[in-house]
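Listing of start-v3.cif, mmCIF, C-alpha atoms
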data_target
#
loop_
_atom_site.group_PDB
_atom_site.id
_atom_site.type_symbol
_atom_site.label_atom_id
_atom_site.label_comp_id
_atom_site.auth_asym_id
_atom_site.auth_seq_id
_atom_site.Cartn_x
_atom_site.Cartn_y
_atom_site.Cartn_z
ATOM 1 C CA TYR A 1 0.861 18.244 14.839
ATOM 2 C CA LEU A 2 -1.413 16.369 17.248
ATOM 3 C CA PRO A 3 -4.151 19.025 17.779
ATOM 4 C CA SER A 4 -4.698 19.424 14.028
ATOM 5 C CA LEU A 5 -4.599 15.674 13.420
ATOM 6 C CA ALA A 6 -7.088 15.100 16.246
ATOM 7 C CA PHE A 7 -9.440 17.742 14.838
ATOM 8 C CA VAL A 8 -9.414 16.224 11.340
ATOM 9 C CA GLU A 9 -9.930 12.701 12.676
ATOM 10 C CA GLY A 10 -12.791 13.935 14.868
ATOM 11 C CA TYR A 11 -14.433 15.627 11.882
ATOM 12 C CA MET A 12 -14.331 12.390 9.870
ATOM 13 C CA TYR A 13 -15.447 10.304 12.849
ATOM 14 C CA ASP A 14 -18.540 12.475 13.393
ATOM 15 C CA LEU A 15 -19.583 12.022 9.770
ATOM 16 C CA ASP A 16 -19.003 8.276 9.988
ATOM 17 C CA GLN A 17 -21.103 8.119 13.147
ATOM 18 C CA ALA A 18 -23.913 10.055 11.442
ATOM 19 C CA ASN A 19 -23.901 7.498 8.625
ATOM 20 C CA GLU A 20 -24.007 4.580 11.084
ATOM 21 C CA ASP A 21 -26.780 6.229 13.101
ATOM 22 C CA HIS A 22 -28.796 6.561 9.895
ATOM 23 C CA LEU A 23 -28.332 2.840 9.208
ATOM 24 C CA MET A 24 -29.410 1.740 12.693
ATOM 25 C CA PRO A 25 -32.628 -0.295 12.324
ATOM 26 C CA SER A 26 -35.618 1.436 13.845
ATOM 27 C CA GLY A 27 -38.232 -0.207 16.047
ATOM 28 C CA GLY A 28 -40.178 -3.167 14.772
ATOM 29 C CA ALA A 29 -40.048 -2.321 11.085
ATOM 30 C CA ALA A 30 -36.364 -3.306 10.979
ATOM 31 C CA ALA A 31 -37.331 -6.911 11.576
ATOM 32 C CA GLN A 32 -39.573 -6.996 8.513
ATOM 33 C CA PRO A 33 -37.520 -7.864 5.414
ATOM 34 C CA SER A 34 -40.451 -6.954 3.148
ATOM 35 C CA ALA A 35 -40.612 -3.349 4.374
ATOM 36 C CA PRO A 36 -39.113 -0.702 2.053
ATOM 37 C CA SER A 37 -35.630 0.421 3.054
ATOM 38 C CA SER A 38 -36.897 3.945 3.672
ATOM 39 C CA CYS A 39 -39.263 2.558 6.326
ATOM 40 C CA ARG A 40 -36.756 0.307 8.000
ATOM 41 C CA LEU A 41 -33.871 2.656 8.712
ATOM 42 C CA SER A 42 -33.490 5.098 11.543
ATOM 43 C CA ARG A 43 -34.080 8.760 10.856
ATOM 44 C CA ALA A 44 -32.299 9.908 14.025
ATOM 45 C CA ALA A 45 -29.581 11.608 11.939
ATOM 46 C CA PRO A 46 -29.293 12.402 8.230
ATOM 47 C CA PRO A 47 -26.474 10.606 6.415
ATOM 48 C CA PRO A 48 -23.512 12.572 5.034
ATOM 49 C CA GLY A 49 -24.464 14.465 1.880
ATOM 50 C CA ASP A 50 -22.836 14.458 -1.541
ATOM 51 C CA ASP A 51 -20.010 16.756 -0.410
ATOM 52 C CA PRO A 52 -19.633 16.370 3.371
ATOM 53 C CA PHE A 53 -16.020 17.556 3.415
ATOM 54 C CA GLY A 54 -16.473 21.053 1.990
ATOM 55 C CA PRO A 55 -15.750 22.925 5.264
ATOM 56 C CA LEU A 56 -12.820 20.641 6.084
ATOM 57 C CA ARG A 57 -11.275 21.073 2.643
ATOM 58 C CA GLY A 58 -11.612 24.837 3.015
ATOM 59 C CA LEU A 59 -9.780 24.772 6.332
ATOM 60 C CA LEU A 60 -6.999 22.529 5.024
ATOM 61 C CA ARG A 61 -6.623 24.693 1.920
ATOM 62 C CA GLU A 62 -6.389 27.808 4.082
ATOM 63 C CA ARG A 63 -3.544 26.220 6.065
ATOM 64 C CA GLY A 64 -1.757 25.172 2.879
ATOM 65 C CA TRP A 65 -2.083 21.471 3.711
ATOM 66 C CA LEU A 66 -4.628 20.288 1.152
ATOM 67 C CA THR A 67 -3.254 18.244 -1.738
ATOM 68 C CA SER A 68 -4.994 16.707 -4.748
ATOM 69 C CA ARG A 69 -4.238 13.272 -3.368
ATOM 70 C CA MET A 70 -5.843 14.162 -0.046
ATOM 71 C CA GLU A 71 -8.916 15.397 -1.922
ATOM 72 C CA GLU A 72 -9.128 12.034 -3.686
ATOM 73 C CA GLU A 73 -9.112 10.211 -0.348
ATOM 74 C CA LEU A 74 -11.780 12.513 1.066
ATOM 75 C CA ALA A 75 -13.911 11.705 -1.985
ATOM 76 C CA SER A 76 -13.298 8.020 -1.202
ATOM 77 C CA GLY A 77 -14.918 8.604 2.171
ATOM 78 C CA GLY A 78 -18.096 9.870 0.534
ATOM 79 C CA ARG A 79 -18.130 6.854 -1.796
ATOM 80 C CA PHE A 80 -17.661 4.491 1.149
ATOM 81 C CA TRP A 81 -20.632 5.898 3.054
ATOM 82 C CA ALA A 82 -22.842 5.646 -0.038
ATOM 83 C CA LEU A 83 -21.704 2.051 -0.594
ATOM 84 C CA GLU A 84 -22.232 1.231 3.073
ATOM 85 C CA ARG A 85 -25.827 2.427 2.876
ATOM 86 C CA ARG A 86 -26.447 0.365 -0.265
ATOM 87 C CA LEU A 87 -24.805 -2.818 1.007
ATOM 88 C CA CYS A 88 -26.398 -2.646 4.452
ATOM 89 C CA GLY A 89 -29.789 -2.037 2.892
ATOM 90 C CA ALA A 90 -29.260 -5.177 0.808
ATOM 91 C CA CYS A 91 -28.241 -7.201 3.873
ATOM 92 C CA LEU A 92 -31.333 -5.991 5.685
ATOM 93 C CA ASP A 93 -33.886 -6.765 2.976
ATOM 94 C CA GLY A 94 -32.166 -9.769 1.390
ATOM 95 C CA SER A 95 -31.555 -8.202 -2.015
ATOM 96 C CA SER A 96 -28.510 -9.112 -4.092
ATOM 97 C CA LEU A 97 -24.952 -7.944 -3.420
ATOM 98 C CA ALA A 98 -21.931 -7.770 -5.731
ATOM 99 C CA ARG A 99 -18.522 -9.070 -4.641
ATOM 100 C CA ALA A 100 -16.831 -6.099 -6.327
ATOM 101 C CA ASP A 101 -18.884 -3.652 -4.252
ATOM 102 C CA ILE A 102 -18.009 -5.472 -1.017
ATOM 103 C CA GLU A 103 -14.275 -5.445 -1.756
ATOM 104 C CA GLU A 104 -14.374 -1.800 -2.833
ATOM 105 C CA ALA A 105 -16.186 -0.826 0.377
ATOM 106 C CA LEU A 106 -13.570 -2.654 2.443
ATOM 107 C CA ARG A 107 -10.766 -0.779 0.677
ATOM 108 C CA LEU A 108 -12.513 2.601 0.910
ATOM 109 C CA LYS A 109 -13.324 2.103 4.588
ATOM 110 C CA SER A 110 -9.734 2.976 5.559
ATOM 111 C CA PHE A 111 -9.845 6.353 3.806
ATOM 112 C CA ASP A 112 -9.422 8.179 7.127
ATOM 113 C CA TYR A 113 -6.090 6.421 7.802
ATOM 114 C CA ARG A 114 -4.828 7.541 4.414
ATOM 115 C CA VAL A 115 -6.064 11.109 4.892
ATOM 116 C CA MET A 116 -4.250 11.283 8.225
ATOM 117 C CA ASN A 117 -1.010 9.926 6.766
ATOM 118 C CA LEU A 118 -1.128 12.339 3.832
ATOM 119 C CA LEU A 119 -1.947 15.223 6.168
ATOM 120 C CA LEU A 120 1.074 14.480 8.348
ATOM 121 C CA TYR A 121 3.326 14.428 5.279
ATOM 122 C CA SER A 122 1.820 17.736 4.159
ATOM 123 C CA MET A 123 2.198 19.363 7.568
ATOM 124 C CA ARG A 124 5.858 18.330 7.597
ATOM 125 C CA CYS A 125 6.353 19.640 4.034
ATOM 126 C CA ALA A 126 7.640 16.186 3.097
ATOM 127 C CA PRO A 127 6.773 14.158 -0.021
ATOM 128 C CA PRO A 128 4.824 10.947 0.688
ATOM 129 C CA ASP A 129 6.893 7.772 0.771
ATOM 130 C CA GLU A 130 5.167 5.690 -1.891
ATOM 131 C CA GLU A 131 6.538 2.350 -0.687
ATOM 132 C CA HIS A 132 5.337 3.046 2.840
ATOM 133 C CA LEU A 133 1.877 4.036 1.619
ATOM 134 C CA LYS A 134 1.575 0.901 -0.515
ATOM 135 C CA PHE A 135 2.537 -1.205 2.478
ATOM 136 C CA LEU A 136 0.061 0.583 4.750
ATOM 137 C CA ALA A 137 -2.714 0.044 2.177
ATOM 138 C CA ALA A 138 -2.015 -3.699 2.252
ATOM 139 C CA SER A 139 -1.953 -3.675 6.042
ATOM 140 C CA GLU A 140 -5.222 -1.724 6.270
ATOM 141 C CA VAL A 141 -7.130 -4.518 4.542
ATOM 142 C CA LEU A 142 -6.110 -7.051 7.191
ATOM 143 C CA VAL A 143 -6.767 -4.591 10.023
ATOM 144 C CA GLU A 144 -10.279 -3.898 8.723
ATOM 145 C CA VAL A 145 -10.997 -7.616 8.281
ATOM 146 C CA GLY A 146 -9.791 -8.310 11.831
ATOM 147 C CA ASP A 147 -11.955 -5.527 13.238
ATOM 148 C CA ASP A 148 -14.964 -6.812 11.308
ATOM 149 C CA LEU A 149 -14.516 -10.359 12.609
ATOM 150 C CA THR A 150 -14.299 -9.018 16.169
ATOM 151 C CA ASP A 151 -17.288 -6.681 15.755
ATOM 152 C CA TYR A 152 -19.416 -8.999 13.596
ATOM 153 C CA ALA A 153 -22.315 -9.510 16.032
ATOM 154 C CA GLU A 154 -22.461 -5.828 16.963
ATOM 155 C CA ASP A 155 -22.308 -4.741 13.320
ATOM 156 C CA VAL A 156 -25.169 -7.077 12.413
ATOM 157 C CA GLU A 157 -27.312 -5.678 15.215
ATOM 158 C CA ARG A 158 -26.475 -2.079 14.265
ATOM 159 C CA ASN A 159 -26.766 -2.802 10.526
ATOM 160 C CA SER A 160 -23.243 -1.490 9.852
ATOM 161 C CA PHE A 161 -20.945 -2.501 7.008
ATOM 162 C CA ASN A 162 -18.986 -5.627 7.855
ATOM 163 C CA VAL A 163 -17.101 -7.547 5.194
ATOM 164 C CA TYR A 164 -17.748 -10.929 6.845
ATOM 165 C CA ARG A 165 -21.454 -10.133 7.142
ATOM 166 C CA CYS A 166 -21.529 -9.239 3.441
ATOM 167 C CA PHE A 167 -19.710 -12.416 2.437
ATOM 168 C CA LEU A 168 -22.273 -14.449 4.380
ATOM 169 C CA ALA A 169 -25.133 -12.548 2.739
ATOM 170 C CA LEU A 170 -23.599 -13.098 -0.701
ATOM 171 C CA TYR A 171 -22.524 -16.747 -0.399
ATOM 172 C CA GLY A 172 -24.590 -18.159 2.462
ATOM 173 C CA ALA A 173 -23.628 -19.570 5.844
ATOM 174 C CA ASP A 174 -21.900 -22.654 4.412
ATOM 175 C CA ARG A 175 -19.776 -21.125 1.646
ATOM 176 C CA GLY A 176 -19.342 -17.642 3.134
ATOM 177 C CA PRO A 177 -16.653 -18.543 5.727
ATOM 178 C CA GLU A 178 -14.706 -20.467 3.071
ATOM 179 C CA GLU A 179 -14.755 -17.463 0.728
ATOM 180 C CA MET A 180 -13.732 -15.198 3.614
ATOM 181 C CA ARG A 181 -10.705 -17.372 4.411
ATOM 182 C CA SER A 182 -9.729 -17.419 0.755
ATOM 183 C CA PHE A 183 -9.945 -13.629 0.588
ATOM 184 C CA ILE A 184 -7.847 -13.308 3.759
ATOM 185 C CA GLY A 185 -5.207 -15.613 2.278
ATOM 186 C CA SER A 186 -4.939 -13.440 -0.830
ATOM 187 C CA ALA A 187 -4.700 -10.306 1.319
ATOM 188 C CA GLU A 188 -1.963 -11.933 3.414
ATOM 189 C CA ALA A 189 0.042 -12.650 0.250
ATOM 190 C CA VAL A 190 -0.134 -8.978 -0.795
ATOM 191 C CA TYR A 191 0.762 -7.876 2.742
ATOM 192 C CA ALA A 192 3.778 -10.204 2.962
ATOM 193 C CA GLN A 193 5.088 -8.983 -0.392
ATOM 194 C CA ALA A 194 4.671 -5.328 0.618
ATOM 195 C CA LEU A 195 6.411 -5.944 3.946
ATOM 196 C CA ALA A 196 9.339 -7.610 2.172
ATOM 197 C CA ARG A 197 9.864 -4.451 0.096
ATOM 198 C CA LEU A 198 10.363 -2.252 3.182
ATOM 199 C CA ASP A 199 13.862 -1.508 4.402
ATOM 200 C CA THR A 200 15.001 -3.874 7.134
ATOM 201 C CA ALA A 201 14.881 -1.373 10.022
ATOM 202 C CA THR A 202 11.349 -0.220 9.191
ATOM 203 C CA ALA A 203 10.087 -3.785 8.704
ATOM 204 C CA GLN A 204 11.561 -4.912 12.018
ATOM 205 C CA ALA A 205 10.126 -1.911 13.869
ATOM 206 C CA TRP A 206 6.714 -2.618 12.341
ATOM 207 C CA GLN A 207 6.790 -6.274 13.369
ATOM 208 C CA ARG A 208 7.803 -5.376 16.921
ATOM 209 C CA ARG A 209 4.904 -2.949 17.100
ATOM 210 C CA CYS A 210 2.510 -5.625 15.832
ATOM 211 C CA GLN A 211 3.739 -8.042 18.503
ATOM 212 C CA GLU A 212 3.259 -5.448 21.245
ATOM 213 C CA ALA A 213 -0.220 -4.464 20.031
ATOM 214 C CA LYS A 214 -1.287 -8.053 19.303
ATOM 215 C CA ARG A 215 -2.380 -6.862 15.886
ATOM 216 C CA HIS A 216 -5.113 -8.723 13.998
ATOM 217 C CA GLY A 217 -3.659 -11.452 11.793
ATOM 218 C CA LEU A 218 -0.340 -11.517 13.583
ATOM 219 C CA GLY A 219 1.817 -13.872 11.520
ATOM 220 C CA SER A 220 0.377 -12.741 8.181
ATOM 221 C CA GLU A 221 3.882 -11.588 7.222
ATOM 222 C CA ARG A 222 4.505 -15.271 6.462
ATOM 223 C CA GLY A 223 1.945 -15.111 3.673
ATOM 224 C CA PRO A 224 -1.330 -17.002 3.090
ATOM 225 C CA GLY A 225 -2.366 -18.955 6.185
ATOM 226 C CA GLY A 226 0.239 -17.292 8.381
ATOM 227 C CA GLY A 227 -2.192 -15.311 10.510
ATOM 228 C CA ASP A 228 -4.487 -16.579 13.220
ATOM 229 C CA TRP A 229 -8.042 -15.754 12.154
ATOM 230 C CA GLU A 230 -11.119 -16.830 14.078
ATOM 231 C CA LEU A 231 -14.366 -16.564 12.116
ATOM 232 C CA PRO A 232 -17.521 -16.203 14.243
ATOM 233 C CA GLU A 233 -20.523 -18.464 13.781
ATOM 234 C CA PRO A 234 -22.890 -16.989 11.160
ATOM 235 C CA ILE A 235 -25.918 -15.182 12.589
ATOM 236 C CA ASP A 236 -29.451 -15.725 11.301
ATOM 237 C CA GLU A 237 -30.256 -12.055 10.740
ATOM 238 C CA VAL A 238 -33.987 -12.578 10.159
ATOM 239 C CA ALA A 239 -34.333 -14.446 13.459
ATOM 240 C CA LEU A 240 -32.238 -11.797 15.208
ATOM 241 C CA ARG A 241 -34.420 -8.945 13.953
ATOM 242 C CA GLN A 242 -37.558 -10.789 15.025
ATOM 243 C CA ARG A 243 -36.127 -11.347 18.496
ATOM 244 C CA LEU A 244 -35.088 -7.698 18.837
ATOM 245 C CA ARG A 245 -38.517 -6.554 17.672
ATOM 246 C CA LYS A 246 -40.191 -8.728 20.332
ATOM 247 C CA GLN A 247 -37.824 -7.418 23.007
ATOM 248 C CA GLY A 248 -38.618 -3.860 21.926
ATOM 249 C CA ALA A 249 -42.359 -4.549 22.089
ATOM 250 C CA LEU A 250 -42.043 -6.036 25.590
ATOM 251 C CA ALA A 251 -39.991 -3.054 26.761
ATOM 252 C CA ARG A 252 -42.769 -0.707 25.619
#
Conversion result in structure tokens:
Amino acid sequence: YLPSLAFVEGYMYDLDQANEDHLMPSGGAAAQPSAPSSCRLSRAAPPPGDDPFGPLRGLLRERGWLTSRMEEELASGGRFWALERRLCGACLDGSSLARADIEEALRLKSFDYRVMNLLLYSMRCAPPDEEHLKFLAASEVLVEVGDDLTDYAEDVERNSFNVYRCFLALYGADRGPEEMRSFIGSAEAVYAQALARLDTATAQAWQRRCQEAKRHGLGSERGPGGGDWELPEPIDEVALRQRLRKQGALAR
């Protein structure tokens, strides 16, 4: 199974990278919040189009692996990239964001995990285990949050989607961390409930794996407040862009 899984993951990764490359601020204009979004974003690579998965769907259909559920998750990928462009444009120019859009983007961001899981079920000619998929969906939220906290500074500099960055843009540097912790607590509650519904052997194997991998939010199985989450200091994005613009000018 591994060669086919690696190919599909690579296909999705390349599209994701093209979207991030498109969002990368360009030169000095990126430091100017008043500049139109079309002037402030890199044009090194075009973003994924309306139907970026056409060739991949054709290949999966030819192999007999494509399912309607997999198609739905592939469509989720397209929606995520469109949302990422909108939210990151708003973070860059200071326009308004909606909490619902931020939470939807966070959920959609893990579409590739779900595609890979569904593909493995399909390749094995096995029906998806719904309880396992519900648990993994709850786990994905915490994994994505943990990654975003770790990558916060880099994501700000690259103008990539980051849920913590969006919370700070929406609520401000004082209230944003508080809202982020509240959101994490709610996600931990859902995760703990989903873990409790797994059979004992699977739940124990999962927890051992989390211990070995030092998974983000280790301890979240205890519910709200169980995980160890370190929120970075908020970054002044306007000041950062100005500093990067000056550094770029000096380098030239």
Within 10 Å of Glu20 (chain A), counting all atoms listed in the file, which residues show up once you throw out same-chain ones fewer than 6 positions away? Write them as a list in words, please. Asp14, Ser42, Ala45, Pro46, Pro47, Trp81, Glu84, Arg85, Asp155, Arg158, Asn159, Ser160 and Phe161 of chain A
For a quick check of understanding, using all atoms listed in the file, which of A:Leu136, A:Lys109, A:Ala100, A:Val115 has the smallest distance to Tyr11 (chain A)?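 Checking each candidate against Tyr11 (chain A), we get A:Val115 as the closest.
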With a distance cut-off of 6 Å and all atoms listed in the file, select the neighbouring residues of region 225-240 of chain A, excluding the residue or stretch itself and same-chain residues fewer than 6 positions from it, and output the selection as a ChimeraX atom specification. /A:173,185,217-219
Where does the PyMOL selection byres ((chain A and resi 78) around 8) land in this file, that is, which residues does it pick, as JSON, numbers by chain? {"A": [48, 49, 50, 51, 52, 74, 75, 76, 77, 79, 80, 81, 82]}
Take the residues from that selection and write them out as a CSV table (one decimal), keeping the file's coordinate frame, keeping C-alpha atoms.
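Writing done, so here's selection-v8.csv:
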chain,number,residue,atom,x,y,z
A,48,PRO,CA,-23.5,12.6,5.0
A,49,GLY,CA,-24.5,14.5,1.9
A,50,ASP,CA,-22.8,14.5,-1.5
A,51,ASP,CA,-20.0,16.8,-0.4
A,52,PRO,CA,-19.6,16.4,3.4
A,74,LEU,CA,-11.8,12.5,1.1
A,75,ALA,CA,-13.9,11.7,-2.0
A,76,SER,CA,-13.3,8.0,-1.2
A,77,GLY,CA,-14.9,8.6,2.2
A,79,ARG,CA,-18.1,6.9,-1.8
A,80,PHE,CA,-17.7,4.5,1.1
A,81,TRP,CA,-20.6,5.9,3.1
A,82,ALA,CA,-22.8,5.6,0.0
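Minimum atom-to-atom distances from A:Leu108, A:Lys246, A:Phe135, A:Gly223 to Trp206 (chain A) were compared using all atoms listed in the file, and the lowest value belongs to A:Phe135.
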Report as a PyMOL selection string the residues that result from applying the PyMOL selection byres ((chain A and resi 198) around 12) to the structure here. chain A and resi 129-136+191-197+199-207
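The shortest atom-to-atom distance to Ala105 (chain A), with only C-alpha atoms taken into account, belongs to A:Asn162 out of A:Asn162, A:Asn117, A:Gln17, A:Ser220.
If you look at CA of Arg107 (chain A) and CA of Gly94 (chain A), they are 23.2 Å away from each other.
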What gap, in Å, lies between CA of Leu142 (chain A) and CA of Pro3 (chain A)? 28.2 Å
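Relative to CA of Arg181 (chain A), CA of Arg241 (chain A) is found at 26.9 Å.
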Specify as a PyMOL selection string each residue included when the PyMOL selection byres ((chain A and resi 179) around 12) is applied to this file. chain A and resi 99+163-178+180-186+231
For Leu244 (chain A), the nearest of the candidates A:Pro25, A:Pro127, A:Gly64, A:Gly89, counting all atoms listed in the file: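 Of A:Pro25, A:Pro127, A:Gly64, A:Gly89, the one nearest Leu244 (chain A), counting all atoms listed in the file, is A:Pro25.
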Just need the box for region 103-121 of chain A, edges along x, y and z, holding every atom the file lists for it with 8 Å tacked onto each side, so centre and edge lengths in Å to one decimal, as JSON.
{"center_x": -6.4, "center_y": 4.9, "center_z": 2.8, "size_x": 35.5, "size_y": 36.7, "size_z": 27.2}
Which residue, A:Val145, A:Arg222, A:Glu212, A:Leu106, has the smallest gap to Leu87 (chain A) when you use only C-alpha atoms?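 Closest to Leu87 (chain A) of all the choices is A:Leu106.
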Can you give me N, CA, C and O atoms for region 50-63 of chain A, written as an mmCIF file, keeping the file's coordinate frame?
data_model
loop_
_atom_site.group_PDB
_atom_site.id
_atom_site.type_symbol
_atom_site.label_atom_id
_atom_site.label_comp_id
_atom_site.auth_asym_id
_atom_site.auth_seq_id
_atom_site.Cartn_x
_atom_site.Cartn_y
_atom_site.Cartn_z
ATOM 1 N N ASP A 50 -23.704 14.716 -0.396
ATOM 2 C CA ASP A 50 -22.836 14.458 -1.541
ATOM 3 C C ASP A 50 -21.428 15.029 -1.353
ATOM 4 O O ASP A 50 -20.462 14.497 -1.890
ATOM 5 N N ASP A 51 -21.318 16.127 -0.627
ATOM 6 C CA ASP A 51 -20.010 16.756 -0.410
ATOM 7 C C ASP A 51 -19.860 17.116 1.069
ATOM 8 O O ASP A 51 -19.917 18.293 1.449
ATOM 9 N N PRO A 52 -19.665 16.103 1.932
ATOM 10 C CA PRO A 52 -19.633 16.370 3.371
ATOM 11 C C PRO A 52 -18.337 17.015 3.851
ATOM 12 O O PRO A 52 -18.264 17.458 4.997
ATOM 13 N N PHE A 53 -17.327 17.073 2.978
ATOM 14 C CA PHE A 53 -16.020 17.556 3.415
ATOM 15 C C PHE A 53 -15.719 18.979 2.982
ATOM 16 O O PHE A 53 -14.580 19.435 3.112
ATOM 17 N N GLY A 54 -16.718 19.693 2.456
ATOM 18 C CA GLY A 54 -16.473 21.053 1.990
ATOM 19 C C GLY A 54 -15.814 21.948 3.030
ATOM 20 O O GLY A 54 -14.754 22.544 2.766
ATOM 21 N N PRO A 55 -16.379 22.068 4.241
ATOM 22 C CA PRO A 55 -15.750 22.925 5.264
ATOM 23 C C PRO A 55 -14.347 22.469 5.648
ATOM 24 O O PRO A 55 -13.452 23.289 5.863
ATOM 25 N N LEU A 56 -14.143 21.147 5.717
ATOM 26 C CA LEU A 56 -12.820 20.641 6.084
ATOM 27 C C LEU A 56 -11.807 20.949 4.988
ATOM 28 O O LEU A 56 -10.676 21.377 5.282
ATOM 29 N N ARG A 57 -12.190 20.755 3.743
ATOM 30 C CA ARG A 57 -11.275 21.073 2.643
ATOM 31 C C ARG A 57 -10.903 22.545 2.673
ATOM 32 O O ARG A 57 -9.749 22.908 2.441
ATOM 33 N N GLY A 58 -11.888 23.400 2.951
ATOM 34 C CA GLY A 58 -11.612 24.837 3.015
ATOM 35 C C GLY A 58 -10.590 25.166 4.085
ATOM 36 O O GLY A 58 -9.675 25.979 3.866
ATOM 37 N N LEU A 59 -10.719 24.530 5.238
ATOM 38 C CA LEU A 59 -9.780 24.772 6.332
ATOM 39 C C LEU A 59 -8.381 24.272 5.968
ATOM 40 O O LEU A 59 -7.381 24.973 6.186
ATOM 41 N N LEU A 60 -8.303 23.085 5.396
ATOM 42 C CA LEU A 60 -6.999 22.529 5.024
ATOM 43 C C LEU A 60 -6.342 23.360 3.926
ATOM 44 O O LEU A 60 -5.126 23.567 3.926
ATOM 45 N N ARG A 61 -7.161 23.841 2.998
ATOM 46 C CA ARG A 61 -6.623 24.693 1.920
ATOM 47 C C ARG A 61 -6.085 26.003 2.493
ATOM 48 O O ARG A 61 -5.023 26.488 2.100
ATOM 49 N N GLU A 62 -6.812 26.552 3.460
ATOM 50 C CA GLU A 62 -6.389 27.808 4.082
ATOM 51 C C GLU A 62 -5.048 27.652 4.788
ATOM 52 O O GLU A 62 -4.212 28.571 4.782
ATOM 53 N N ARG A 63 -4.817 26.479 5.380
ATOM 54 C CA ARG A 63 -3.544 26.220 6.065
ATOM 55 C C ARG A 63 -2.425 25.819 5.109
ATOM 56 O O ARG A 63 -1.281 25.659 5.536
#
